[in-house]
Structures are given as structure tokens and as C-alpha cells.
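Q: Take a look at query-v4.txt, compact mmCIF, C-alpha atoms:
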```
# COMPACT_ATOMS: atom_id res chain seq x y z
CA MET A 107 116.31 181.70 114.29
CA GLN A 108 112.54 181.73 113.87
CA VAL A 109 109.83 180.57 116.26
CA GLY A 110 106.35 179.18 115.58
CA VAL A 111 103.55 178.28 117.98
CA ASP A 112 100.21 176.60 117.36
CA LEU A 113 97.24 175.78 119.55
CA VAL A 114 94.42 173.54 118.35
CA GLU A 115 91.35 171.93 119.87
CA VAL A 116 91.74 168.17 120.09
CA ALA A 117 88.07 167.80 119.10
CA ARG A 118 88.64 169.88 115.94
CA VAL A 119 91.41 167.57 114.74
CA SER A 120 89.33 164.52 115.64
CA ARG A 121 86.39 165.89 113.63
CA LEU A 122 88.67 166.59 110.67
CA LEU A 123 89.86 162.98 110.69
CA ASP A 124 86.50 161.38 111.46
CA GLU A 125 84.52 163.26 108.82
CA ASN A 126 87.10 162.98 106.03
CA PRO A 127 88.05 159.34 105.50
CA GLY A 128 91.53 159.17 104.01
CA ILE A 129 92.65 162.66 104.99
CA ASP A 130 94.80 161.22 107.77
CA ARG A 131 97.40 160.06 105.23
CA SER A 132 97.69 163.50 103.70
CA ILE A 133 98.52 165.01 107.10
CA PHE A 134 100.34 162.29 109.03
CA THR A 135 102.90 159.67 108.06
CA GLU A 136 102.23 155.97 108.53
CA ALA A 137 104.68 155.90 111.44
CA GLU A 138 102.84 158.76 113.18
CA LEU A 139 99.47 157.09 112.69
CA ASP A 140 100.78 153.75 113.91
CA TYR A 141 102.35 155.27 117.00
CA CYS A 142 99.41 157.52 117.98
CA ARG A 143 96.68 154.98 117.28
CA GLY A 144 98.51 152.41 119.33
CA THR A 145 98.20 154.55 122.45
CA LYS A 146 95.38 155.28 124.86
CA HIS A 147 95.23 158.98 124.04
CA ALA A 148 95.30 158.82 120.25
CA GLY A 149 93.19 161.96 119.76
CA ASP A 150 95.41 164.06 122.01
CA ARG A 151 98.59 162.81 120.36
CA LEU A 152 97.37 163.30 116.81
CA ALA A 153 96.21 166.82 117.70
CA ALA A 154 99.59 167.61 119.28
CA ARG A 155 101.32 166.43 116.12
CA PHE A 156 98.99 168.48 113.98
CA ALA A 157 99.85 171.52 116.11
CA ALA A 158 103.56 170.69 115.77
CA LYS A 159 103.33 170.63 111.98
CA GLU A 160 101.57 173.99 111.99
CA ALA A 161 104.14 175.42 114.42
CA ILE A 162 106.99 174.19 112.22
CA LEU A 163 105.45 175.78 109.13
CA LYS A 164 105.10 179.04 111.04
CA ALA A 165 108.73 178.84 112.13
CA PHE A 166 109.63 178.33 108.47
CA GLY A 167 107.60 181.42 107.61
CA THR A 168 105.37 179.37 105.31
CA GLY A 169 101.96 177.75 105.53
CA ILE A 170 99.90 174.97 104.00
CA THR A 171 99.28 177.11 100.93
CA ASP A 172 102.99 177.47 100.23
CA GLY A 173 103.57 173.97 98.94
CA LEU A 174 104.83 172.11 102.00
CA SER A 175 102.61 169.23 103.02
CA PRO A 176 102.06 168.42 106.71
CA ALA A 177 102.89 164.82 105.85
CA ASP A 178 106.39 165.94 104.85
CA LEU A 179 107.04 166.88 108.49
CA GLU A 180 107.21 163.72 110.57
CA ILE A 181 107.17 164.01 114.34
CA VAL A 182 109.36 161.27 115.72
CA ARG A 183 109.56 160.21 119.33
CA SER A 184 113.19 159.70 120.30
CA PRO A 185 114.11 156.81 122.64
CA GLY A 186 114.17 159.22 125.58
CA GLY A 187 110.68 160.41 124.75
CA ARG A 188 111.70 163.80 123.37
CA PRO A 189 109.91 164.65 120.11
CA THR A 190 112.06 165.45 117.10
CA VAL A 191 111.32 166.24 113.46
CA ARG A 192 112.21 164.25 110.37
CA LEU A 193 111.89 166.16 107.11
CA LEU A 194 110.62 164.31 104.06
CA GLY A 195 110.03 165.11 100.41
CA ALA A 196 109.47 168.79 99.61
CA ALA A 197 110.24 169.81 103.20
CA ARG A 198 113.71 168.32 102.94
CA ASP A 199 114.33 170.21 99.71
CA TRP A 200 112.98 173.42 101.26
CA ALA A 201 115.30 173.02 104.25
CA ALA A 202 118.35 172.55 102.04
CA GLU A 203 117.44 175.54 99.92
CA HIS A 204 116.86 177.83 102.91
CA GLY A 205 119.85 176.75 105.00
CA LEU A 206 117.91 175.12 107.82
CA VAL A 207 120.33 173.77 110.40
CA GLU A 208 118.08 172.47 113.16
CA ILE A 209 114.48 172.31 114.38
CA GLU A 210 113.50 171.92 118.01
CA ILE A 211 109.89 171.23 119.00
CA SER A 212 107.93 170.84 122.17
CA LEU A 213 104.41 169.41 122.44
CA SER A 214 101.76 169.47 125.13
CA HIS A 215 98.07 168.64 125.52
CA SER A 216 95.65 169.30 128.33
CA GLY A 217 92.00 170.17 128.82
CA GLY A 218 91.03 169.32 125.28
CA MET A 219 93.69 171.55 123.72
CA ALA A 220 96.99 170.65 122.08
CA LEU A 221 99.92 173.05 121.92
CA ALA A 222 103.21 172.95 120.07
CA GLN A 223 106.20 175.23 119.76
CA ALA A 224 108.88 175.01 117.10
CA ILE A 225 112.21 176.76 116.82
CA ALA A 226 113.95 176.70 113.46
CA ILE A 227 117.62 177.61 113.28
CA PHE A 228 119.01 178.72 109.94
CA ARG A 229 122.55 179.12 108.70
CA PRO A 230 123.56 182.81 108.77
CA ASP A 231 123.62 184.45 105.32
CA MET B 38 78.53 170.36 86.93
CA ASN B 39 77.21 173.80 86.07
CA GLY B 40 78.28 177.01 87.75
CA GLY B 41 75.46 176.91 90.29
CA GLU B 42 76.23 173.34 91.31
CA ILE B 43 79.91 174.15 91.68
CA LEU B 44 79.14 177.17 93.85
CA ASP B 45 76.76 175.09 95.96
CA ALA B 46 79.46 172.45 96.46
CA VAL B 47 81.95 175.06 97.65
CA ARG B 48 79.41 176.71 99.96
CA ALA B 49 78.40 173.36 101.45
CA SER B 50 82.02 172.26 101.90
CA ALA B 51 82.94 175.51 103.63
CA ALA B 52 79.90 175.37 105.91
CA GLU B 53 80.53 171.75 106.86
CA ALA B 54 84.23 172.35 107.51
CA LEU B 55 83.53 175.39 109.66
CA ALA B 56 80.46 173.79 111.29
CA ILE B 57 78.30 176.82 110.53
CA PRO B 58 74.88 177.07 108.83
CA ALA B 59 75.10 176.97 105.05
CA GLY B 60 73.07 180.16 104.99
CA ASP B 61 75.95 181.99 106.63
CA VAL B 62 78.20 181.24 103.67
CA THR B 63 77.61 183.49 100.68
CA PRO B 64 79.50 183.61 97.39
CA GLY B 65 81.16 186.80 98.57
CA SER B 66 82.23 185.44 101.95
CA ALA B 67 86.00 185.62 102.39
CA LEU B 68 87.04 182.30 103.88
CA VAL B 69 89.57 183.74 106.31
CA ASP B 70 88.56 187.37 106.80
CA ASP B 71 84.78 186.83 106.98
CA LEU B 72 84.31 183.22 108.07
CA GLY B 73 87.40 182.92 110.27
CA ALA B 74 88.78 179.86 108.52
CA GLU B 75 92.13 178.60 109.76
CA SER B 76 94.44 176.29 107.90
CA ILE B 77 92.77 173.19 109.38
CA ASP B 78 89.45 174.46 108.04
CA LEU B 79 90.90 175.03 104.56
CA LEU B 80 92.30 171.49 104.50
CA ASP B 81 88.93 170.19 105.66
CA MET B 82 87.02 172.21 103.05
CA LEU B 83 89.25 171.12 100.16
CA PHE B 84 88.95 167.45 101.15
CA ARG B 85 85.15 167.69 101.32
CA LEU B 86 85.13 169.48 97.99
CA GLU B 87 87.15 166.68 96.42
CA ARG B 88 84.60 164.13 97.64
CA LYS B 89 81.70 166.17 96.24
CA THR B 90 83.24 167.00 92.85
CA GLY B 91 85.99 164.47 92.23
CA VAL B 92 88.49 167.31 91.77
CA LYS B 93 91.48 167.49 94.09
CA ILE B 94 92.62 171.03 94.81
CA LYS B 95 95.77 171.16 96.89
CA ALA B 96 96.11 173.93 99.44
CA ALA B 97 99.12 175.24 97.52
CA GLU B 98 96.92 175.72 94.45
CA LEU B 99 94.96 178.41 96.29
CA ARG B 100 98.16 180.44 96.54
CA THR B 101 99.08 179.78 92.92
CA PHE B 102 95.58 180.84 91.84
CA ILE B 103 96.12 184.13 93.63
CA THR B 104 99.70 184.80 92.55
CA GLY B 105 99.39 183.44 89.02
CA GLY B 106 102.66 181.67 89.72
CA MET B 107 104.58 184.91 90.30
CA PRO B 108 107.49 184.48 92.71
CA PRO B 109 107.07 186.38 96.01
CA GLU B 110 109.55 189.10 95.03
CA VAL B 111 107.46 189.89 91.94
CA PHE B 112 104.06 189.59 93.61
CA ALA B 113 105.16 192.00 96.36
CA ASP B 114 106.85 195.37 95.92
CA ALA B 115 109.90 196.47 97.90
CA ASP B 116 107.67 197.31 100.90
CA GLY B 117 105.96 193.93 100.87
CA ARG B 118 102.74 195.38 99.42
CA VAL B 119 100.86 194.14 96.37
CA SER B 120 102.93 195.08 93.32
CA ASP B 121 101.49 196.68 90.17
CA LYS B 122 101.98 193.43 88.27
CA ALA B 123 100.30 191.46 91.04
CA TYR B 124 97.35 193.85 91.13
CA ALA B 125 96.89 193.57 87.37
CA HIS B 126 96.62 189.80 87.82
CA LEU B 127 94.47 189.94 90.94
CA VAL B 128 91.66 191.93 89.33
CA THR B 129 91.26 189.10 86.83
CA VAL B 130 91.04 186.24 89.36
CA MET B 131 89.61 188.07 92.38
CA PRO B 132 87.49 190.75 90.70
CA GLN B 133 85.90 191.75 94.00
CA LEU B 134 89.16 193.40 95.02
CA GLY B 135 89.34 197.16 94.59
CA PRO B 136 92.23 199.62 94.39
CA GLU B 137 92.65 199.47 98.18
CA THR B 138 94.19 196.05 97.60
CA ARG B 139 97.42 197.83 96.60
CA ALA B 140 97.89 198.82 100.24
CA LEU B 141 97.60 195.22 101.42
CA GLU B 142 100.55 193.19 102.56
CA ALA B 143 101.03 190.78 99.68
CA THR B 144 101.04 187.76 101.97
CA LYS B 145 97.60 188.74 103.32
CA VAL B 146 95.77 188.68 99.98
CA ILE B 147 94.87 185.03 100.51
CA ASN B 148 92.76 186.12 103.48
CA ARG B 149 90.44 187.81 100.97
CA LEU B 150 89.84 184.63 98.96
CA THR B 151 86.09 184.14 98.67
CA VAL B 152 83.79 181.18 98.17
CA GLN B 153 83.14 182.45 94.64
CA ASN B 154 86.89 182.60 93.94
CA VAL B 155 87.26 178.95 94.94
CA ALA B 156 84.25 178.07 92.77
CA ASP B 157 85.94 179.86 89.85
CA LEU B 158 89.14 177.90 90.43
CA LEU B 159 87.16 174.68 90.55
CA SER B 160 85.29 175.61 87.35
CA THR B 161 88.60 176.15 85.59
CA ARG B 162 89.88 172.78 86.78
CA LEU B 163 86.68 171.02 85.70
CA ALA B 164 86.80 172.70 82.29
CA GLY B 165 90.42 171.63 81.92
CA ALA B 166 89.54 168.06 82.84
CA ALA B 167 86.67 168.04 80.34
CA GLY B 168 88.82 169.53 77.59
```
Could you express the structure from this file as C-alpha cells?
A:
Amino acid sequence: MQVGVDLVEVARVSRLLDENPGIDRSIFTEAELDYCRGTKHAGDRLAARFAAKEAILKAFGTGITDGLSPADLEIVRSPGGRPTVRLLGAARDWAAEHGLVEIEISLSHSGGMALAQAIAIFRPD
Amino acid sequence: MNGGEILDAVRASAAEALAIPAGDVTPGSALVDDLGAESIDLLDMLFRLERKTGVKIKAAELRTFITGGMPPEVFADADGRVSDKAYAHLVTVMPQLGPETRALEATKVINRLTVQNVADLLSTRLAGAAG
């Protein structure tokens, strides 16, 4: 089991998206963008998802320079409101190769900051 | 683009991403160790650089530039430090690194990546595109 945590300023994520037209689709999936931008607190929610992707990569023991794209980690809101993760593309392959069994995440945002924690559970060797 | 223009593009992209004065970014500035760049800043810088130069550098290419494509178990020795083979490669792509690099944790080498190193990577990509 490995844990990852990430904390990011909501304003930093907003600046990243505002000043780099098109970068949103290299970080978030269409479903994430549709969901977040359809809510009142889009900036907070996008920042929380950015933090979640970073936290997941930390729990995997990798980072953005290791070949996994943030857009391959989709944060999905389950019917009960609990966030879950859907792995896509290279992340799905990575998970199969490394024996990933489960990922649990938790998101929060307050006071201009967004926080996420991820726990990755791997099959024992 | 000539070498000076490429370096200017990298310096400007780094400064804009980090929201710091361009004068604070020198060719020898290490993006992480000196300028405090985090992964969000690296993504930001690479996207700005693409807009300025037309060349897309993926974040993963920074790692490949450093490792020369060596797998982690070759790039690091048994203690997780920079291996002899890795060091022999590093002095060619990150010539600012000295012998003390051998004591570094292999996974931390990327923290020493400088503005000039990124400009060199970009130059290589542009030369490849032109060729």
C-alpha cells in the first residue's frame, strides 16, 4: 500500500488553465471538464482534481515526467458523491503491470487551497 | 531559431510559468532546485514553450533526456545512487554536473535540470525537425 498527498493553490491551477489555452485537455478528461465547469465552484473543483491526479501519481511512486499523463487518471463522482478513479490509456497499462488492485481518494478545498489524498493498494509480490 | 533565441524562449517560458522576473532566470538556473518549480510549473513551462517554438516537449521527455532511455535499474546502482553508466551519460547532456553527482539519489537528478539543459533538448528537437 502506498499513500500520496498533494496540496495546490486554486489560483495557481486557474492561472495555468487561463494562460494556456488548450492545456485543459492535456490534464483533464472531457467528462471532468464538463462536470466541473457545470458547477458554481469550477475553479475549486478543477484544482481538487488536479491535486488528486498529483496525489495518485505520488501514490504510484511516479510523476509527470515518468510517462503517465494526468488525463489518463479520471476523477469520477460516484452516485453517492464519493470520488473514485478511472484509469485510462497508459495508466491502465501501468496498473496492470504493477499489480494495482485498488485506489482510494479523498478531495477537499477551502480557503483558496485544494487538497487530495490517494491510497494505492497493490497485489503482494 | 538560433541558440540565443531558443534560450530566450526557455527563459521567458520558465519566468512566465513561475511568475518571476525574467532576470531571475539564468541559463544555469536549475528549474526545481534553484527556481522551486513544481510539476504544475513544469507543465506550464512546456506548454508555453510549445506556443513560442511550435515544438511539443512532453514532461516525460525531460526524464528520457536525463536517463538516455536507461531503465531505472541501470540508471541507478544497487543503493539507488547514480550508476557509473548513468554518470557517463549525464556529463554529456548535463555538463554542469560534477563528480558529486555520483552521490545523488538517481531519482533526484531531474531536480538539477537547468534552463540551458532544456534549451539544449529543444535545439536537438528543432534540428531533428529541420533534418
Q: Between CA of Glu87 (chain B) and CA of Ser160 (chain B), what is the distance in Å, rounded to a tenth?
A: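 Separation of CA of Glu87 (chain B) and CA of Ser160 (chain B): 12.9 Å.
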Q: Please list as an MDAnalysis selection string every residue within 9 Å of Arg151 (chain A), counting only C-alpha atoms and excluding residues in the same chain fewer than 6 positions away.
A: chainID A and resid 116 142:143 145 214:215 220
Q: Using 6 Å as the limit and counting all atoms listed in the file, can you tabulate each residue of chain B that touches chain A, with its shortest atom-to-atom distance in Å and the two atoms involved, as a tab-separated table?
A:
```
residue	atom	partner	partner_atom	distance
B:Ala96	CA	A:Thr171	CA	4.7
B:Ala97	CA	A:Thr171	CA	3.9
B:Arg100	CA	A:Thr171	CA	5.6
```
Q: Using all atoms listed in the file, which residues sit within 10 Å of region 150-158 of chain B once same-chain residues fewer than 5 positions away are excluded, as a PDB file with C-alpha atoms, in the frame of the given file?
A:
```pdb
ATOM      1  CA  GLY B  40      78.280 177.010  87.750  1.00  0.00           C
ATOM      2  CA  GLY B  41      75.460 176.910  90.290  1.00  0.00           C
ATOM      3  CA  GLU B  42      76.230 173.340  91.310  1.00  0.00           C
ATOM      4  CA  ILE B  43      79.910 174.150  91.680  1.00  0.00           C
ATOM      5  CA  LEU B  44      79.140 177.170  93.850  1.00  0.00           C
ATOM      6  CA  ASP B  45      76.760 175.090  95.960  1.00  0.00           C
ATOM      7  CA  ALA B  46      79.460 172.450  96.460  1.00  0.00           C
ATOM      8  CA  VAL B  47      81.950 175.060  97.650  1.00  0.00           C
ATOM      9  CA  ARG B  48      79.410 176.710  99.960  1.00  0.00           C
ATOM     10  CA  SER B  50      82.020 172.260 101.900  1.00  0.00           C
ATOM     11  CA  ALA B  51      82.940 175.510 103.630  1.00  0.00           C
ATOM     12  CA  VAL B  62      78.200 181.240 103.670  1.00  0.00           C
ATOM     13  CA  THR B  63      77.610 183.490 100.680  1.00  0.00           C
ATOM     14  CA  PRO B  64      79.500 183.610  97.390  1.00  0.00           C
ATOM     15  CA  GLY B  65      81.160 186.800  98.570  1.00  0.00           C
ATOM     16  CA  SER B  66      82.230 185.440 101.950  1.00  0.00           C
ATOM     17  CA  ALA B  67      86.000 185.620 102.390  1.00  0.00           C
ATOM     18  CA  LEU B  68      87.040 182.300 103.880  1.00  0.00           C
ATOM     19  CA  VAL B  69      89.570 183.740 106.310  1.00  0.00           C
ATOM     20  CA  ASP B  70      88.560 187.370 106.800  1.00  0.00           C
ATOM     21  CA  ASP B  71      84.780 186.830 106.980  1.00  0.00           C
ATOM     22  CA  LEU B  72      84.310 183.220 108.070  1.00  0.00           C
ATOM     23  CA  LEU B  83      89.250 171.120 100.160  1.00  0.00           C
ATOM     24  CA  ILE B  94      92.620 171.030  94.810  1.00  0.00           C
ATOM     25  CA  GLU B  98      96.920 175.720  94.450  1.00  0.00           C
ATOM     26  CA  LEU B  99      94.960 178.410  96.290  1.00  0.00           C
ATOM     27  CA  ARG B 100      98.160 180.440  96.540  1.00  0.00           C
ATOM     28  CA  PHE B 102      95.580 180.840  91.840  1.00  0.00           C
ATOM     29  CA  ILE B 103      96.120 184.130  93.630  1.00  0.00           C
ATOM     30  CA  VAL B 130      91.040 186.240  89.360  1.00  0.00           C
ATOM     31  CA  MET B 131      89.610 188.070  92.380  1.00  0.00           C
ATOM     32  CA  PRO B 132      87.490 190.750  90.700  1.00  0.00           C
ATOM     33  CA  GLN B 133      85.900 191.750  94.000  1.00  0.00           C
ATOM     34  CA  LEU B 134      89.160 193.400  95.020  1.00  0.00           C
ATOM     35  CA  LYS B 145      97.600 188.740 103.320  1.00  0.00           C
ATOM     36  CA  LEU B 163      86.680 171.020  85.700  1.00  0.00           C
ATOM     37  CA  ALA B 164      86.800 172.700  82.290  1.00  0.00           C
TER      38      ALA B 164
END
```
Q: Would you work out the distance separating CA of Asp114 (chain B) from CA of Gly167 (chain A), expressed in Å to one decimal?
A: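 These two atoms are separated by 18.2 Å.
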Q: So which one's closest to Leu163 (chain A), A:Gly186, A:Gly110, A:Gly205, A:Gly195? Using all atoms listed in the file, please.
A: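 The answer is A:Gly110, which sits nearest to Leu163 (chain A).
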Q: Please compute the CA of Ala158 (chain A)-CA of Gly73 (chain B) distance, one decimal, in Å.
A: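 Answer for the CA of Ala158 (chain A) to CA of Gly73 (chain B) separation: 21.0 Å.
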Q: Which polymer residues have any atom within 12 Å of an atom of Ser120 (chain B), counting only C-alpha atoms, with same-chain residues fewer than 2 positions away left out, as a ChimeraX atom specification?
A: /B:104,107-118,122-127,136,138-144,146
Q: Quick one: everything within 8 Å of Leu193 (chain A), counting all atoms listed in the file, minus sequence neighbours fewer than 5 positions away in the same chain. Send it as a list in words.
A: Asp178, Leu179, Glu180 and Arg198 of chain A
Q: Taking into account only C-alpha atoms, which residue in the set B:Met82, B:Leu55, B:Ser76, B:Met38 is nearest to Ala161 (chain A)?
A: B:Ser76
Q: Between A:Leu139, A:Ala177, A:Ala148, A:Ala154, which has the minimum distance to Leu213 (chain A) (counting only C-alpha atoms)?
A: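 Looking at the shortest contact to Leu213 (chain A), the residue is A:Ala154.
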Q: Counting all atoms listed in the file, write as a list in words all protein and nucleic acid residues lying at most 7 Å from (87.2, 169.0, 90.5) in the file's frame.
A: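 The answer, in the requested form, is Glu87, Thr90, Gly91, Val92, Lys93, Leu159, Arg162 and Leu163 of chain B.
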Q: Write out as a list in words the residues lying within 10 Å of Arg188 (chain A), counting only C-alpha atoms and excluding same-chain residues fewer than 4 positions away.
A: Val182, Arg183, Ser184, Glu210, Ile211, Ser212 and Leu213 of chain A
Q: Only C-alpha atoms, please: the residues just picked out, written as a short mmCIF file (atom, residue, chain, number, x, y, z; two decimals), in the coordinates of the input.
A:
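Output (selection-v1.cif):
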```
data_model
loop_
_atom_site.label_atom_id
_atom_site.label_comp_id
_atom_site.auth_asym_id
_atom_site.auth_seq_id
_atom_site.Cartn_x
_atom_site.Cartn_y
_atom_site.Cartn_z
CA VAL A 182 109.36 161.27 115.72
CA ARG A 183 109.56 160.21 119.33
CA SER A 184 113.19 159.70 120.30
CA GLU A 210 113.50 171.92 118.01
CA ILE A 211 109.89 171.23 119.00
CA SER A 212 107.93 170.84 122.17
CA LEU A 213 104.41 169.41 122.44
#
```
Q: For a quick check of understanding, using only C-alpha atoms, which of A:Thr190, A:Ser216, A:Thr168, A:Thr135 has the smallest distance to Gly149 (chain A)?
A: A:Ser216
